[in-house]
file model-v6.tsv (TSV, C-alpha atoms)
chain	number	residue	atom	x	y	z
X	1372	ASP	CA	11.33	3.44	26.43
X	1373	GLY	CA	13.59	1.49	24.08
X	1374	GLY	CA	16.71	3.22	25.35
X	1375	ILE	CA	15.43	6.77	24.84
X	1376	THR	CA	14.59	8.86	27.86
X	1377	GLN	CA	12.62	12.07	27.64
X	1378	SER	CA	12.21	14.37	30.59
X	1379	PRO	CA	10.20	15.77	32.12
X	1380	LYS	CA	7.00	13.90	31.29
X	1381	TYR	CA	4.90	17.00	31.98
X	1382	LEU	CA	6.09	20.58	31.71
X	1383	PHE	CA	4.30	23.84	32.31
X	1384	ARG	CA	5.54	27.11	30.90
X	1385	LYS	CA	4.49	30.67	31.39
X	1386	GLU	CA	4.05	32.77	28.31
X	1387	GLY	CA	7.28	34.47	27.29
X	1388	GLN	CA	9.54	31.86	28.87
X	1389	ASN	CA	11.96	29.52	27.16
X	1390	VAL	CA	11.91	25.89	28.21
X	1391	THR	CA	14.23	23.00	27.34
X	1392	LEU	CA	13.09	19.43	26.82
X	1393	SER	CA	15.62	16.69	27.40
X	1394	CYS	CA	16.21	13.67	25.18
X	1395	GLU	CA	18.90	11.10	25.95
X	1396	GLN	CA	19.56	7.81	24.18
X	1397	ASN	CA	21.93	4.95	24.98
X	1398	LEU	CA	21.38	3.09	21.73
X	1399	ASN	CA	24.49	4.46	20.06
X	1400	HIS	CA	22.28	5.85	17.30
X	1401	ASP	CA	23.72	8.50	15.02
X	1402	ALA	CA	20.47	10.26	14.08
X	1403	MET	CA	18.04	11.93	16.43
X	1404	TYR	CA	14.74	13.67	15.78
X	1405	TRP	CA	12.19	15.93	17.45
X	1406	TYR	CA	8.52	15.73	16.54
X	1407	ARG	CA	5.51	17.69	17.67
X	1408	GLN	CA	2.09	16.08	18.00
X	1409	ASP	CA	-1.15	18.04	18.40
X	1410	PRO	CA	-4.42	16.39	19.51
X	1411	GLY	CA	-5.93	14.18	16.83
X	1412	GLN	CA	-3.03	14.77	14.48
X	1413	GLY	CA	0.05	13.01	13.27
X	1414	LEU	CA	3.65	13.83	14.09
X	1415	ARG	CA	5.38	16.80	12.48
X	1416	LEU	CA	9.14	17.09	12.27
X	1417	ILE	CA	10.73	20.02	14.10
X	1418	TYR	CA	14.48	19.38	13.87
X	1419	TYR	CA	16.75	16.45	13.22
X	1420	SER	CA	20.40	15.67	13.57
X	1421	GLN	CA	22.28	13.01	11.66
X	1422	ILE	CA	25.60	13.47	13.39
X	1423	VAL	CA	27.14	15.25	16.36
X	1424	ASN	CA	27.50	19.02	15.96
X	1425	ASP	CA	25.16	19.09	12.98
X	1426	PHE	CA	21.40	19.48	12.69
X	1427	GLN	CA	18.77	20.49	10.15
X	1428	LYS	CA	15.39	22.18	10.29
X	1429	GLY	CA	12.32	20.07	9.80
X	1430	ASP	CA	8.92	21.22	8.63
X	1431	ILE	CA	8.01	23.38	11.65
X	1432	ALA	CA	11.31	24.67	13.08
X	1433	GLU	CA	10.22	28.25	13.75
X	1434	GLY	CA	10.27	29.08	17.44
X	1435	TYR	CA	12.45	26.09	18.34
X	1436	SER	CA	16.19	25.54	18.72
X	1437	VAL	CA	18.35	22.46	19.27
X	1438	SER	CA	21.94	21.45	19.93
X	1439	ARG	CA	23.84	18.22	19.41
X	1440	GLU	CA	27.04	18.45	21.42
X	1441	LYS	CA	27.01	14.78	22.34
X	1442	LYS	CA	25.86	11.72	20.45
X	1443	GLU	CA	23.62	10.70	23.31
X	1444	SER	CA	21.82	14.00	23.79
X	1445	PHE	CA	19.57	16.17	21.62
X	1446	PRO	CA	17.82	18.82	23.76
X	1447	LEU	CA	15.01	20.91	22.32
X	1448	THR	CA	14.40	24.48	23.44
X	1449	VAL	CA	10.96	25.92	22.94
X	1450	THR	CA	11.47	29.66	22.76
X	1451	SER	CA	9.09	32.52	23.41
X	1452	ALA	CA	8.90	32.97	19.64
X	1453	GLN	CA	6.84	29.78	19.39
X	1454	LYS	CA	3.31	31.20	19.52
X	1455	ASN	CA	1.46	27.95	20.15
X	1456	PRO	CA	3.79	25.67	22.08
X	1457	THR	CA	1.20	23.55	23.90
X	1458	ALA	CA	1.63	20.06	22.44
X	1459	PHE	CA	3.06	16.59	22.96
X	1460	TYR	CA	6.74	16.44	22.01
X	1461	LEU	CA	8.37	13.21	20.91
X	1462	CYS	CA	12.04	12.47	20.49
X	1463	ALA	CA	13.29	9.62	18.33
X	1464	SER	CA	16.59	8.14	17.31
X	1465	ARG	CA	17.58	5.93	14.43
X	1466	SER	CA	20.46	3.68	13.59
X	1467	GLY	CA	22.12	4.44	10.29
X	1468	GLN	CA	20.50	1.48	8.59
X	1469	GLY	CA	17.26	2.68	7.18
X	1470	ALA	CA	14.12	4.25	8.55
X	1471	GLY	CA	13.04	1.04	10.25
X	1472	GLY	CA	15.49	1.70	13.03
X	1473	TYR	CA	13.42	4.53	14.54
X	1474	THR	CA	12.90	4.30	18.29
X	1475	PHE	CA	10.68	6.80	20.07
X	1476	GLY	CA	10.76	8.15	23.59
X	1477	SER	CA	7.68	8.35	25.79
X	1478	GLY	CA	7.14	12.04	25.15
X	1479	THR	CA	6.89	15.32	27.03
X	1480	ARG	CA	3.59	17.10	27.31
X	1481	LEU	CA	4.15	20.86	27.34
X	1482	THR	CA	1.40	23.20	28.48
X	1483	VAL	CA	1.52	26.99	28.45
X	1484	VAL	CA	-0.20	28.50	31.46
C	1278	GLY	CA	3.28	18.88	-0.96
C	1279	GLU	CA	4.09	15.51	0.46
C	1280	SER	CA	1.39	14.00	2.57
C	1281	VAL	CA	0.26	10.74	4.05
C	1282	GLY	CA	-3.39	10.47	4.98
C	1283	LEU	CA	-5.89	8.00	6.32
C	1284	HIS	CA	-9.41	7.27	5.10
C	1285	LEU	CA	-11.08	6.60	8.47
C	1286	PRO	CA	-10.36	8.54	11.62
C	1287	THR	CA	-12.02	5.96	13.92
C	1288	LEU	CA	-12.54	2.25	13.49
C	1289	SER	CA	-14.66	0.23	15.93
C	1290	VAL	CA	-14.47	-3.56	15.87
C	1291	GLN	CA	-15.59	-6.40	18.05
C	1292	GLU	CA	-13.03	-8.49	19.86
C	1293	GLY	CA	-12.01	-11.43	17.72
C	1294	ASP	CA	-12.85	-9.77	14.43
C	1295	ASN	CA	-10.25	-8.75	11.89
C	1296	SER	CA	-9.38	-5.05	11.52
C	1297	ILE	CA	-8.28	-3.24	8.41
C	1298	ILE	CA	-6.76	0.23	8.66
C	1299	ASN	CA	-6.15	2.10	5.43
C	1300	CYS	CA	-3.72	4.79	4.40
C	1301	ALA	CA	-3.21	6.79	1.21
C	1302	TYR	CA	0.11	8.34	0.38
C	1303	SER	CA	0.85	11.00	-2.18
C	1304	ASN	CA	4.57	10.67	-2.85
C	1305	SER	CA	5.11	8.01	-5.47
C	1306	ALA	CA	8.86	8.29	-4.86
C	1307	SER	CA	8.56	6.90	-1.33
C	1308	ASP	CA	10.32	3.58	-0.99
C	1309	TYR	CA	9.73	2.62	2.61
C	1310	PHE	CA	6.57	2.49	4.71
C	1311	ILE	CA	5.97	1.82	8.37
C	1312	TRP	CA	2.97	1.27	10.61
C	1313	TYR	CA	3.14	2.53	14.17
C	1314	LYS	CA	0.85	1.97	17.16
C	1315	GLN	CA	0.49	4.72	19.72
C	1316	GLU	CA	-1.22	4.28	23.06
C	1317	SER	CA	-2.43	7.28	24.99
C	1318	GLY	CA	0.39	9.35	26.45
C	1319	LYS	CA	3.11	7.18	24.96
C	1320	GLY	CA	5.46	7.30	22.03
C	1321	PRO	CA	4.74	5.37	18.81
C	1322	GLN	CA	5.71	1.72	18.70
C	1323	PHE	CA	6.90	0.03	15.53
C	1324	ILE	CA	4.50	-2.61	14.24
C	1325	ILE	CA	5.58	-3.60	10.77
C	1326	ASP	CA	7.30	-2.14	7.73
C	1327	ILE	CA	7.43	-2.77	4.01
C	1328	ARG	CA	9.68	-1.66	1.17
C	1329	SER	CA	8.38	-0.53	-2.18
C	1330	ASN	CA	9.69	-3.64	-3.93
C	1331	MET	CA	7.18	-5.74	-1.99
C	1332	ASP	CA	3.39	-5.79	-1.97
C	1333	LYS	CA	2.75	-7.83	1.15
C	1334	ARG	CA	4.48	-8.57	4.40
C	1335	GLN	CA	3.27	-10.57	7.37
C	1336	GLY	CA	4.09	-10.40	11.02
C	1337	GLN	CA	2.52	-11.88	14.09
C	1338	ARG	CA	-1.24	-11.26	13.65
C	1339	VAL	CA	-0.52	-8.30	11.37
C	1340	THR	CA	-0.18	-7.98	7.61
C	1341	VAL	CA	0.76	-4.91	5.62
C	1342	LEU	CA	-0.33	-4.57	2.01
C	1343	LEU	CA	1.13	-2.06	-0.41
C	1344	ASN	CA	-0.55	-1.11	-3.66
C	1345	LYS	CA	1.79	1.20	-5.51
C	1346	THR	CA	-0.56	1.60	-8.46
C	1347	VAL	CA	-3.07	3.50	-6.36
C	1348	LYS	CA	-0.62	4.58	-3.65
C	1349	HIS	CA	-2.46	2.75	-0.91
C	1350	LEU	CA	-1.22	1.06	2.23
C	1351	SER	CA	-3.23	-1.05	4.63
C	1352	LEU	CA	-2.69	-2.74	7.96
C	1353	GLN	CA	-4.64	-5.89	8.73
C	1354	ILE	CA	-4.89	-7.11	12.31
C	1355	ALA	CA	-6.20	-10.63	12.77
C	1356	ALA	CA	-8.33	-11.62	15.76
C	1357	THR	CA	-8.33	-8.10	17.19
C	1358	GLN	CA	-7.87	-7.94	20.94
C	1359	PRO	CA	-8.66	-5.22	23.51
C	1360	GLY	CA	-4.95	-4.55	23.80
C	1361	ASP	CA	-4.93	-3.51	20.15
C	1362	SER	CA	-6.97	-0.41	21.01
C	1363	ALA	CA	-4.78	2.55	20.12
C	1364	VAL	CA	-4.11	5.09	17.38
C	1365	TYR	CA	-2.38	3.68	14.34
C	1366	PHE	CA	-0.19	5.78	12.07
C	1367	CYS	CA	1.25	5.04	8.70
C	1368	ALA	CA	4.48	6.75	7.77
C	1369	GLU	CA	6.57	6.96	4.63
C	1370	THR	CA	10.13	7.77	3.75
C	1371	PRO	CA	10.67	9.41	0.37
C	1372	VAL	CA	13.69	7.99	-1.44
C	1373	ASN	CA	16.98	9.80	-0.79
C	1374	THR	CA	15.64	11.62	2.24
C	1375	ASP	CA	16.16	11.07	5.92
C	1376	LYS	CA	12.63	12.08	6.85
C	1377	LEU	CA	9.73	10.04	8.15
C	1378	ILE	CA	6.40	11.59	7.13
C	1379	PHE	CA	3.42	10.63	9.26
C	1380	GLY	CA	-0.26	10.45	8.48
C	1381	THR	CA	-2.92	11.81	10.80
C	1382	GLY	CA	-3.78	8.48	12.43
C	1383	THR	CA	-6.74	6.12	12.88
C	1384	ARG	CA	-8.15	5.32	16.28
C	1385	LEU	CA	-8.97	1.64	16.69
C	1386	GLN	CA	-11.56	0.80	19.35
C	1387	VAL	CA	-12.09	-2.83	20.27
C	1388	PHE	CA	-15.34	-3.80	21.98
C	1389	PRO	CA	-15.89	-7.03	23.93

call {"tool": "encode", "arguments": {"input": "model-v6.tsv", "output": "structure tokens"}}
result
Amino acid sequence: DGGITQSPKYLFRKEGQNVTLSCEQNLNHDAMYWYRQDPGQGLRLIYYSQIVNDFQKGDIAEGYSVSREKKESFPLTVTSAQKNPTAFYLCASRSGQGAGGYTFGSGTRLTVV
Amino acid sequence: GESVGLHLPTLSVQEGDNSIINCAYSNSASDYFIWYKQESGKGPQFIIDIRSNMDKRQGQRVTVLLNKTVKHLSLQIAATQPGDSAVYFCAETPVNTDKLIFGTGTRLQVFP
């Protein structure tokens, strides 16, 4: 979707396991973002990165970790410390020219079994 | 804290009618607003945006109105079509931040 690829589309995790969600973009965007969406709710910011090798916590960072070793990639790890990880996860990227440049991926639905 | 909310969680309209989706925002320092459309199981799609120095902006079949006095944003869809059925989110960017704050969404249902 729009040059951002999230994988997998569906992911199942056992309690106590860490899982990593992939997000790759070929838009040459500097900034990348991870959002969490729960049923019937809006998107909440988990982590964001404005430049390679740098990232900041969003509003609900606890239980999550990220890395930004390459401009194109911003993987999100959902750790066992996240007590309620079942949700729809969306990755986005943005050009450096204002918030209107946001492009979203198609999402990963994570379910804890 | 900062928040963006919507008045109506679900809006049902007949095909061909006009739709109006409303949004209230709480941060008067926000200077940029966006409407997104999200279909089931997909990521949000950009519809239209508006900066705080404007009060109206038109796109193809859509119009966004901004009333800074009462901190209210609305999305008008003309001649609503079945393909417009989705959840619509407003979002705001507070000035000097790199964050996009989303509202909870309004589900638009279009009936034939």

call {"tool": "atom_distance", "arguments": {"input": "model-v6.tsv", "atom1": "CA of Asn1344 in chain C", "atom2": "CA of Ile1311 in chain C"}}
result
14.0 Å

call {"tool": "interface_residues", "arguments": {"input": "model-v6.tsv", "of": "chain X", "to": "chain C", "cutoff": "7 Å", "atoms": "only C-alpha atoms", "output": "list in words"}}
result
Gln1412, Gly1413, Leu1414, Leu1461, Phe1475, Gly1476, Ser1477 and Gly1478 of chain X

call {"tool": "residues_around", "arguments": {"input": "model-v6.tsv", "residues": "Thr1391 in chain X", "least_positions_apart": "3", "cutoff": "9 Å", "atoms": "only C-alpha atoms", "output": "CSV table (one decimal) with C-alpha atoms, in the frame of the given file"}}
result
chain,number,residue,atom,x,y,z
X,1446,PRO,CA,17.8,18.8,23.8
X,1447,LEU,CA,15.0,20.9,22.3
X,1448,THR,CA,14.4,24.5,23.4
X,1449,VAL,CA,11.0,25.9,22.9
X,1450,THR,CA,11.5,29.7,22.8

call {"tool": "closest_residue", "arguments": {"input": "model-v6.tsv", "among": "C:Ser1329, C:Ser1305, C:Gln1337, C:Asn1373", "to": "Thr1357 in chain C", "atoms": "all atoms listed in the file"}}
result
C:Gln1337

call {"tool": "atom_distance", "arguments": {"input": "model-v6.tsv", "atom1": "CA of Gln1408 in chain X", "atom2": "CA of Glu1443 in chain X"}}
result
22.8 Å

call {"tool": "closest_residue", "arguments": {"input": "model-v6.tsv", "among": "C:Ser1296, C:Asn1304, C:Gln1315, C:Gln1358", "to": "Pro1371 in chain C", "atoms": "only C-alpha atoms"}}
result
C:Asn1304
